[in-house]
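Trainee: This is model-v9.cif, which holds mmCIF, N, CA and C atoms:
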data_model
#
loop_
_atom_site.label_atom_id
_atom_site.label_comp_id
_atom_site.auth_asym_id
_atom_site.auth_seq_id
_atom_site.Cartn_x
_atom_site.Cartn_y
_atom_site.Cartn_z
N MET A 82 34.72 -14.16 -37.02
CA MET A 82 34.52 -14.90 -38.23
C MET A 82 33.83 -14.03 -39.27
N ALA A 83 34.52 -13.19 -39.94
CA ALA A 83 33.93 -12.32 -40.94
C ALA A 83 33.70 -13.10 -42.22
N SER A 84 32.51 -12.99 -42.78
CA SER A 84 32.17 -13.69 -44.01
C SER A 84 31.02 -12.98 -44.68
N SER A 85 30.93 -13.13 -46.00
CA SER A 85 29.84 -12.51 -46.72
C SER A 85 28.61 -13.40 -46.78
N SER A 86 28.71 -14.66 -46.36
CA SER A 86 27.59 -15.59 -46.37
C SER A 86 26.59 -15.21 -45.29
N PRO A 87 25.28 -15.18 -45.64
CA PRO A 87 24.28 -14.83 -44.61
C PRO A 87 24.17 -15.88 -43.52
N ASP A 88 24.63 -17.12 -43.78
CA ASP A 88 24.56 -18.17 -42.77
C ASP A 88 25.77 -18.20 -41.86
N ALA A 89 26.83 -17.49 -42.22
CA ALA A 89 28.06 -17.52 -41.42
C ALA A 89 27.92 -16.63 -40.19
N PRO A 90 28.35 -17.14 -39.02
CA PRO A 90 28.31 -16.29 -37.82
C PRO A 90 29.30 -15.14 -37.96
N CYS A 91 28.96 -13.98 -37.38
CA CYS A 91 29.86 -12.84 -37.52
C CYS A 91 29.83 -11.91 -36.32
N SER A 92 29.28 -12.35 -35.21
CA SER A 92 29.18 -11.46 -34.08
C SER A 92 29.43 -12.21 -32.78
N CYS A 93 30.10 -11.55 -31.87
CA CYS A 93 30.36 -12.11 -30.56
C CYS A 93 30.47 -10.94 -29.60
N ASP A 94 29.48 -10.74 -28.77
CA ASP A 94 29.44 -9.57 -27.90
C ASP A 94 29.03 -9.95 -26.49
N CYS A 95 29.56 -9.21 -25.52
CA CYS A 95 29.17 -9.35 -24.12
C CYS A 95 28.61 -8.01 -23.64
N PHE A 96 27.70 -8.06 -22.70
CA PHE A 96 27.31 -6.82 -22.04
C PHE A 96 27.01 -7.10 -20.58
N VAL A 97 27.15 -6.05 -19.78
CA VAL A 97 26.88 -6.11 -18.35
C VAL A 97 26.03 -4.91 -17.99
N SER A 98 25.01 -5.13 -17.19
CA SER A 98 24.20 -4.05 -16.65
C SER A 98 24.25 -4.16 -15.13
N MET A 99 24.60 -3.04 -14.49
CA MET A 99 24.71 -3.04 -13.03
C MET A 99 23.75 -2.03 -12.44
N PRO A 100 23.25 -2.30 -11.25
CA PRO A 100 22.37 -1.33 -10.59
C PRO A 100 23.07 0.03 -10.46
N PRO A 101 22.40 1.12 -10.66
CA PRO A 101 20.95 1.27 -10.80
C PRO A 101 20.46 1.16 -12.25
N ALA A 102 21.31 0.86 -13.22
CA ALA A 102 20.88 0.76 -14.61
C ALA A 102 20.01 -0.48 -14.87
N SER A 103 20.15 -1.51 -14.05
CA SER A 103 19.36 -2.72 -14.20
C SER A 103 17.96 -2.49 -13.63
N ALA A 104 16.97 -3.10 -14.25
CA ALA A 104 15.59 -2.99 -13.75
C ALA A 104 15.41 -3.73 -12.43
N ILE A 105 16.29 -4.69 -12.17
CA ILE A 105 16.25 -5.43 -10.91
C ILE A 105 17.55 -5.15 -10.17
N PRO A 106 17.59 -5.31 -8.85
CA PRO A 106 18.82 -5.01 -8.10
C PRO A 106 19.86 -6.13 -8.21
N ALA A 107 20.32 -6.36 -9.43
CA ALA A 107 21.30 -7.41 -9.65
C ALA A 107 22.18 -7.05 -10.84
N VAL A 108 23.33 -7.68 -10.91
CA VAL A 108 24.19 -7.56 -12.08
C VAL A 108 23.66 -8.52 -13.13
N ILE A 109 23.53 -8.03 -14.36
CA ILE A 109 23.08 -8.86 -15.47
C ILE A 109 24.23 -8.99 -16.45
N PHE A 110 24.60 -10.21 -16.75
CA PHE A 110 25.68 -10.50 -17.71
C PHE A 110 25.08 -11.30 -18.85
N ALA A 111 25.41 -10.93 -20.08
CA ALA A 111 24.90 -11.66 -21.24
C ALA A 111 25.98 -11.73 -22.32
N LYS A 112 25.88 -12.75 -23.15
CA LYS A 112 26.84 -12.94 -24.24
C LYS A 112 26.16 -13.67 -25.38
N ASN A 113 26.44 -13.22 -26.61
CA ASN A 113 26.06 -14.03 -27.76
C ASN A 113 27.32 -14.64 -28.34
N SER A 114 27.18 -15.59 -29.22
CA SER A 114 28.32 -16.36 -29.69
C SER A 114 28.40 -16.36 -31.21
N ASP A 115 29.61 -16.40 -31.72
CA ASP A 115 29.80 -16.50 -33.17
C ASP A 115 30.12 -17.93 -33.60
N ARG A 116 29.77 -18.89 -32.77
CA ARG A 116 30.00 -20.29 -33.10
C ARG A 116 29.00 -20.74 -34.17
N PRO A 117 29.33 -21.76 -34.94
CA PRO A 117 28.38 -22.28 -35.93
C PRO A 117 27.06 -22.69 -35.28
N ARG A 118 25.95 -22.43 -35.95
CA ARG A 118 24.64 -22.67 -35.34
C ARG A 118 24.33 -24.13 -35.07
N ASP A 119 25.00 -25.06 -35.75
CA ASP A 119 24.75 -26.48 -35.50
C ASP A 119 25.77 -27.10 -34.54
N GLU A 120 26.64 -26.28 -33.94
CA GLU A 120 27.60 -26.78 -32.97
C GLU A 120 26.92 -26.94 -31.61
N VAL A 121 27.11 -28.08 -30.99
CA VAL A 121 26.49 -28.35 -29.69
C VAL A 121 27.17 -27.50 -28.61
N GLN A 122 26.35 -26.75 -27.86
CA GLN A 122 26.83 -25.98 -26.72
C GLN A 122 26.30 -26.67 -25.46
N GLU A 123 27.21 -27.01 -24.56
CA GLU A 123 26.82 -27.64 -23.30
C GLU A 123 26.85 -26.62 -22.18
N VAL A 124 25.94 -26.76 -21.25
CA VAL A 124 26.00 -26.01 -19.99
C VAL A 124 26.44 -27.04 -18.95
N VAL A 125 27.61 -26.79 -18.35
CA VAL A 125 28.18 -27.77 -17.43
C VAL A 125 28.50 -27.13 -16.08
N PHE A 126 28.40 -27.94 -15.04
CA PHE A 126 28.81 -27.52 -13.70
C PHE A 126 30.09 -28.26 -13.36
N VAL A 127 31.09 -27.51 -12.90
CA VAL A 127 32.35 -28.11 -12.46
C VAL A 127 32.50 -27.77 -10.98
N PRO A 128 32.49 -28.76 -10.09
CA PRO A 128 32.57 -28.47 -8.66
C PRO A 128 33.93 -27.92 -8.25
N ALA A 129 33.96 -27.24 -7.12
CA ALA A 129 35.23 -26.75 -6.56
C ALA A 129 36.13 -27.95 -6.30
N GLY A 130 37.43 -27.70 -6.30
CA GLY A 130 38.35 -28.80 -6.07
C GLY A 130 39.66 -28.37 -5.45
N THR A 131 40.31 -29.32 -4.80
CA THR A 131 41.67 -29.14 -4.28
C THR A 131 42.53 -30.14 -5.03
N HIS A 132 43.66 -29.67 -5.55
CA HIS A 132 44.47 -30.49 -6.45
C HIS A 132 45.87 -30.70 -5.89
N THR A 133 46.47 -31.80 -6.26
CA THR A 133 47.80 -32.18 -5.82
C THR A 133 48.85 -31.24 -6.40
N PRO A 134 49.78 -30.75 -5.57
CA PRO A 134 50.86 -29.90 -6.11
C PRO A 134 51.61 -30.62 -7.24
N GLY A 135 51.85 -29.90 -8.31
CA GLY A 135 52.57 -30.46 -9.45
C GLY A 135 51.69 -31.24 -10.43
N SER A 136 50.39 -31.35 -10.13
CA SER A 136 49.53 -32.09 -11.06
C SER A 136 49.32 -31.29 -12.34
N ARG A 137 48.95 -31.98 -13.40
CA ARG A 137 48.78 -31.40 -14.72
C ARG A 137 47.30 -31.40 -15.09
N LEU A 138 46.93 -30.46 -15.95
CA LEU A 138 45.55 -30.30 -16.40
C LEU A 138 45.52 -30.38 -17.92
N GLN A 139 44.74 -31.30 -18.47
CA GLN A 139 44.62 -31.42 -19.92
C GLN A 139 43.62 -30.40 -20.43
N CYS A 140 44.08 -29.47 -21.26
CA CYS A 140 43.22 -28.49 -21.91
C CYS A 140 42.82 -29.06 -23.28
N THR A 141 42.36 -28.23 -24.21
CA THR A 141 41.93 -28.76 -25.50
C THR A 141 43.06 -29.44 -26.24
N TYR A 142 44.23 -28.78 -26.35
CA TYR A 142 45.33 -29.33 -27.12
C TYR A 142 46.61 -29.58 -26.32
N ILE A 143 46.78 -28.91 -25.21
CA ILE A 143 48.01 -29.05 -24.44
C ILE A 143 47.70 -29.24 -22.96
N GLU A 144 48.71 -29.64 -22.19
CA GLU A 144 48.61 -29.73 -20.73
C GLU A 144 49.27 -28.51 -20.10
N VAL A 145 48.73 -28.07 -18.96
CA VAL A 145 49.32 -26.99 -18.18
C VAL A 145 49.37 -27.43 -16.72
N GLU A 146 50.11 -26.71 -15.91
CA GLU A 146 50.16 -27.02 -14.49
C GLU A 146 48.83 -26.65 -13.84
N GLN A 147 48.31 -27.54 -13.00
CA GLN A 147 47.05 -27.31 -12.30
C GLN A 147 47.28 -26.44 -11.07
N VAL A 148 46.37 -25.49 -10.81
CA VAL A 148 46.45 -24.70 -9.59
C VAL A 148 45.99 -25.58 -8.42
N LEU A 149 46.33 -25.18 -7.20
CA LEU A 149 46.02 -26.00 -6.03
C LEU A 149 44.53 -26.04 -5.68
N LYS A 150 43.84 -24.91 -5.86
CA LYS A 150 42.42 -24.83 -5.49
C LYS A 150 41.64 -24.17 -6.61
N THR A 151 40.49 -24.75 -6.94
CA THR A 151 39.60 -24.15 -7.94
C THR A 151 38.22 -23.96 -7.32
N HIS A 152 37.52 -22.92 -7.77
CA HIS A 152 36.16 -22.63 -7.32
C HIS A 152 35.17 -23.35 -8.22
N ALA A 153 33.96 -23.58 -7.73
CA ALA A 153 32.90 -24.17 -8.52
C ALA A 153 32.49 -23.20 -9.63
N VAL A 154 32.20 -23.73 -10.81
CA VAL A 154 31.81 -22.90 -11.95
C VAL A 154 30.67 -23.55 -12.72
N ILE A 155 29.88 -22.71 -13.37
CA ILE A 155 28.92 -23.16 -14.37
C ILE A 155 29.35 -22.51 -15.67
N LEU A 156 29.47 -23.32 -16.72
CA LEU A 156 30.06 -22.88 -17.98
C LEU A 156 29.16 -23.21 -19.16
N SER A 157 29.23 -22.39 -20.20
CA SER A 157 28.65 -22.69 -21.49
C SER A 157 29.82 -22.90 -22.43
N ARG A 158 29.87 -24.07 -23.09
CA ARG A 158 31.03 -24.38 -23.92
C ARG A 158 30.65 -25.27 -25.09
N PRO A 159 31.37 -25.14 -26.21
CA PRO A 159 31.20 -26.11 -27.28
C PRO A 159 31.62 -27.49 -26.77
N SER A 160 30.87 -28.52 -27.12
CA SER A 160 31.09 -29.85 -26.56
C SER A 160 32.45 -30.44 -26.90
N TRP A 161 33.09 -30.00 -27.96
CA TRP A 161 34.34 -30.63 -28.40
C TRP A 161 35.59 -30.07 -27.73
N LEU A 162 35.47 -28.99 -26.94
CA LEU A 162 36.69 -28.42 -26.35
C LEU A 162 36.60 -28.31 -24.85
N TRP A 163 37.77 -28.11 -24.23
CA TRP A 163 37.86 -28.02 -22.77
C TRP A 163 37.44 -26.64 -22.26
N GLY A 164 37.74 -25.61 -23.00
CA GLY A 164 37.49 -24.23 -22.57
C GLY A 164 36.01 -23.89 -22.50
N ALA A 165 35.70 -22.59 -22.51
CA ALA A 165 34.31 -22.16 -22.38
C ALA A 165 34.08 -20.85 -23.11
N GLU A 166 32.84 -20.66 -23.55
CA GLU A 166 32.40 -19.40 -24.14
C GLU A 166 32.17 -18.36 -23.05
N MET A 167 31.50 -18.80 -21.97
CA MET A 167 31.19 -17.89 -20.86
C MET A 167 30.84 -18.72 -19.65
N GLY A 168 30.77 -18.05 -18.51
CA GLY A 168 30.36 -18.73 -17.30
C GLY A 168 30.46 -17.83 -16.09
N ALA A 169 30.15 -18.42 -14.94
CA ALA A 169 30.21 -17.71 -13.67
C ALA A 169 30.68 -18.68 -12.60
N ASN A 170 31.45 -18.16 -11.64
CA ASN A 170 31.89 -19.04 -10.55
C ASN A 170 31.07 -18.81 -9.29
N GLU A 171 31.35 -19.59 -8.26
CA GLU A 171 30.59 -19.54 -7.02
C GLU A 171 30.68 -18.20 -6.30
N HIS A 172 31.62 -17.35 -6.68
CA HIS A 172 31.78 -16.04 -6.06
C HIS A 172 31.16 -14.93 -6.90
N GLY A 173 30.44 -15.29 -7.96
CA GLY A 173 29.76 -14.30 -8.78
C GLY A 173 30.63 -13.65 -9.84
N VAL A 174 31.82 -14.18 -10.09
CA VAL A 174 32.67 -13.65 -11.15
C VAL A 174 32.19 -14.23 -12.47
N CYS A 175 31.83 -13.35 -13.42
CA CYS A 175 31.38 -13.75 -14.75
C CYS A 175 32.42 -13.33 -15.77
N ILE A 176 32.54 -14.12 -16.83
CA ILE A 176 33.48 -13.78 -17.90
C ILE A 176 32.97 -14.41 -19.19
N GLY A 177 33.25 -13.75 -20.31
CA GLY A 177 32.91 -14.28 -21.63
C GLY A 177 34.06 -14.04 -22.58
N ASN A 178 34.20 -14.91 -23.56
CA ASN A 178 35.30 -14.72 -24.51
C ASN A 178 34.88 -13.81 -25.66
N GLU A 179 35.82 -13.15 -26.24
CA GLU A 179 35.63 -12.29 -27.40
C GLU A 179 36.72 -12.57 -28.41
N ALA A 180 36.39 -12.48 -29.68
CA ALA A 180 37.41 -12.64 -30.72
C ALA A 180 38.36 -11.45 -30.68
N VAL A 181 39.63 -11.73 -30.86
CA VAL A 181 40.65 -10.68 -30.93
C VAL A 181 41.36 -10.86 -32.27
N TRP A 182 41.28 -9.86 -33.11
CA TRP A 182 41.91 -9.93 -34.43
C TRP A 182 43.31 -9.36 -34.35
N THR A 183 44.25 -10.04 -34.95
CA THR A 183 45.65 -9.63 -34.87
C THR A 183 46.32 -9.77 -36.23
N LYS A 184 47.44 -9.10 -36.36
CA LYS A 184 48.26 -9.24 -37.56
C LYS A 184 49.49 -10.09 -37.29
N GLU A 185 49.61 -10.58 -36.05
CA GLU A 185 50.74 -11.42 -35.68
C GLU A 185 50.61 -12.77 -36.38
N PRO A 186 51.71 -13.32 -36.85
CA PRO A 186 51.63 -14.64 -37.49
C PRO A 186 51.35 -15.73 -36.46
N VAL A 187 50.68 -16.77 -36.91
CA VAL A 187 50.41 -17.92 -36.06
C VAL A 187 51.69 -18.73 -35.93
N ARG A 188 52.02 -19.12 -34.70
CA ARG A 188 53.22 -19.93 -34.47
C ARG A 188 52.91 -21.40 -34.74
N GLU A 189 53.96 -22.14 -35.01
CA GLU A 189 53.83 -23.59 -35.22
C GLU A 189 53.53 -24.28 -33.89
N GLY A 190 52.83 -25.40 -33.95
CA GLY A 190 52.58 -26.21 -32.78
C GLY A 190 51.25 -25.91 -32.11
N GLU A 191 50.90 -26.78 -31.18
CA GLU A 191 49.65 -26.65 -30.44
C GLU A 191 49.79 -25.59 -29.35
N ALA A 192 48.66 -25.03 -28.94
CA ALA A 192 48.66 -23.97 -27.93
C ALA A 192 47.31 -23.95 -27.22
N LEU A 193 47.19 -23.09 -26.24
CA LEU A 193 45.90 -22.87 -25.60
C LEU A 193 45.00 -22.08 -26.55
N LEU A 194 43.72 -22.42 -26.57
CA LEU A 194 42.73 -21.65 -27.32
C LEU A 194 42.28 -20.47 -26.45
N GLY A 195 41.70 -19.46 -27.08
CA GLY A 195 41.14 -18.35 -26.32
C GLY A 195 40.13 -18.82 -25.29
N MET A 196 39.30 -19.78 -25.68
CA MET A 196 38.30 -20.31 -24.74
C MET A 196 38.96 -21.12 -23.62
N ASP A 197 40.13 -21.71 -23.88
CA ASP A 197 40.88 -22.38 -22.81
C ASP A 197 41.36 -21.35 -21.79
N LEU A 198 41.79 -20.19 -22.27
CA LEU A 198 42.28 -19.14 -21.36
C LEU A 198 41.16 -18.61 -20.47
N LEU A 199 39.94 -18.62 -20.96
CA LEU A 199 38.81 -18.10 -20.20
C LEU A 199 38.47 -18.99 -19.01
N ARG A 200 38.56 -20.29 -19.17
CA ARG A 200 38.10 -21.21 -18.13
C ARG A 200 38.85 -21.09 -16.80
N PRO A 201 40.18 -20.98 -16.78
CA PRO A 201 40.84 -20.85 -15.48
C PRO A 201 40.42 -19.61 -14.69
N PHE A 202 40.05 -18.53 -15.37
CA PHE A 202 39.63 -17.33 -14.66
C PHE A 202 38.38 -17.61 -13.84
N HIS A 203 37.47 -18.41 -14.38
CA HIS A 203 36.27 -18.76 -13.61
C HIS A 203 36.62 -19.49 -12.33
N GLY A 204 37.54 -20.43 -12.46
CA GLY A 204 37.83 -21.32 -11.34
C GLY A 204 38.74 -20.75 -10.28
N THR A 205 39.44 -19.64 -10.56
CA THR A 205 40.42 -19.15 -9.60
C THR A 205 40.17 -17.74 -9.09
N LEU A 206 39.27 -16.98 -9.70
CA LEU A 206 39.06 -15.59 -9.28
C LEU A 206 37.92 -15.44 -8.29
N ARG A 207 38.07 -14.50 -7.39
CA ARG A 207 37.01 -14.11 -6.47
C ARG A 207 36.64 -12.68 -6.78
N ALA A 208 35.38 -12.34 -6.58
CA ALA A 208 34.94 -10.96 -6.80
C ALA A 208 35.62 -10.04 -5.79
N HIS A 209 36.00 -8.86 -6.23
CA HIS A 209 36.61 -7.86 -5.33
C HIS A 209 35.60 -7.51 -4.25
N SER A 210 36.06 -7.25 -3.04
CA SER A 210 35.16 -7.03 -1.91
C SER A 210 34.22 -5.85 -2.10
N THR A 211 34.58 -4.87 -2.92
CA THR A 211 33.67 -3.74 -3.15
C THR A 211 32.64 -4.08 -4.21
N TRP A 212 32.80 -5.19 -4.90
CA TRP A 212 31.84 -5.66 -5.90
C TRP A 212 31.06 -6.81 -5.27
N ASN A 213 30.12 -6.50 -4.42
CA ASN A 213 29.41 -7.56 -3.71
C ASN A 213 28.12 -7.95 -4.41
N HIS A 214 27.98 -7.61 -5.68
CA HIS A 214 26.79 -8.00 -6.42
C HIS A 214 26.89 -9.46 -6.83
N ARG A 215 25.79 -10.15 -6.83
CA ARG A 215 25.72 -11.55 -7.24
C ARG A 215 24.98 -11.64 -8.57
N VAL A 216 25.32 -12.67 -9.34
CA VAL A 216 24.57 -12.93 -10.59
C VAL A 216 23.45 -13.90 -10.29
#
Kindly present the structure from the file in structure tokens form.

Mentor:
Amino acid sequence: MASSSPDAPCSCDCFVSMPPASAIPAVIFAKNSDRPRDEVQEVVFVPAGTHTPGSRLQCTYIEVEQVLKTHAVILSRPSWLWGAEMGANEHGVCIGNEAVWTKEPVREGEALLGMDLLRPFHGTLRAHSTWNHRV
């Protein structure tokens, strides 16, 4: 969100620090957000689940096919949408969204938001076995 107004958000960054660079023996993940300062951000827990084959999942604007199994996640998200700014799942996988600027034209119709795309990664990914660090 680039703007010349001093009140307009203009930054969205993630960083990760891993041992031995971390002062503590843990992976540190952090993210700031370029969302409006008066927008409500919720921290929510979504338990692991097993879903019926062929079931559908309502995202912010569209429905997609639901995966069979999801992991438990804790998410930070604007209250008005289904997706998330950032979060971590029960296996220690962390992810945060970043703005991507493009010159491609916007297509007609509803679609998944960038934050919608982030949420399924939390619920379906496991940390690689050589990455045994926990958050």

Trainee: Among segment 91-209 of chain A, which residues carry a DSSP assignment of strand (DSSP E), reported as JSON, numbers by chain?

Mentor: {"A": [95, 96, 97, 98, 109, 110, 111, 112, 122, 123, 124, 125, 126, 127, 130, 131, 137, 138, 139, 144, 145, 146, 150, 151, 154, 155, 156, 157, 158, 159, 167, 168, 169, 170, 175, 176, 177]}

Trainee: For the file shown, what are the residues hit by the PyMOL selection byres (((chain A and resi 181 and name CA) around 12) and name CA), laid out as a list in words?

Mentor: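 So the PyMOL selection byres (((chain A and resi 181 and name CA) around 12) and name CA), applied here, picks out Met82, Ser92, Cys93, Asp94, Asn178, Glu179, Ala180, Trp182, Thr183, Lys184, Glu185, Leu194, Gly195 and Met196 of chain A.
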
Trainee: Considering all atoms listed in the file, state which residue in the set A:Glu120, A:Trp161, A:Leu199, A:Gln147 is at the smallest distance from Ile176 of chain A.

Mentor: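 For Ile176 of chain A, the nearest of the given residues is A:Leu199.
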
Trainee: Output as an MDAnalysis selection string all residues of segment 166-198 of chain A that backbone DSSP marks as alpha helix (DSSP H).

Mentor: chainID A and resid 195:198

Trainee: Convert the output of the PyMOL selection byres ((chain A and resi 191) around 6.5) on the shown file into explicit residues, formatted as a list in words.

Mentor: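 That selection, the PyMOL selection byres ((chain A and resi 191) around 6.5), comes back as Tyr142, Ile143, Glu189, Gly190, Ala192 and Leu193 of chain A.
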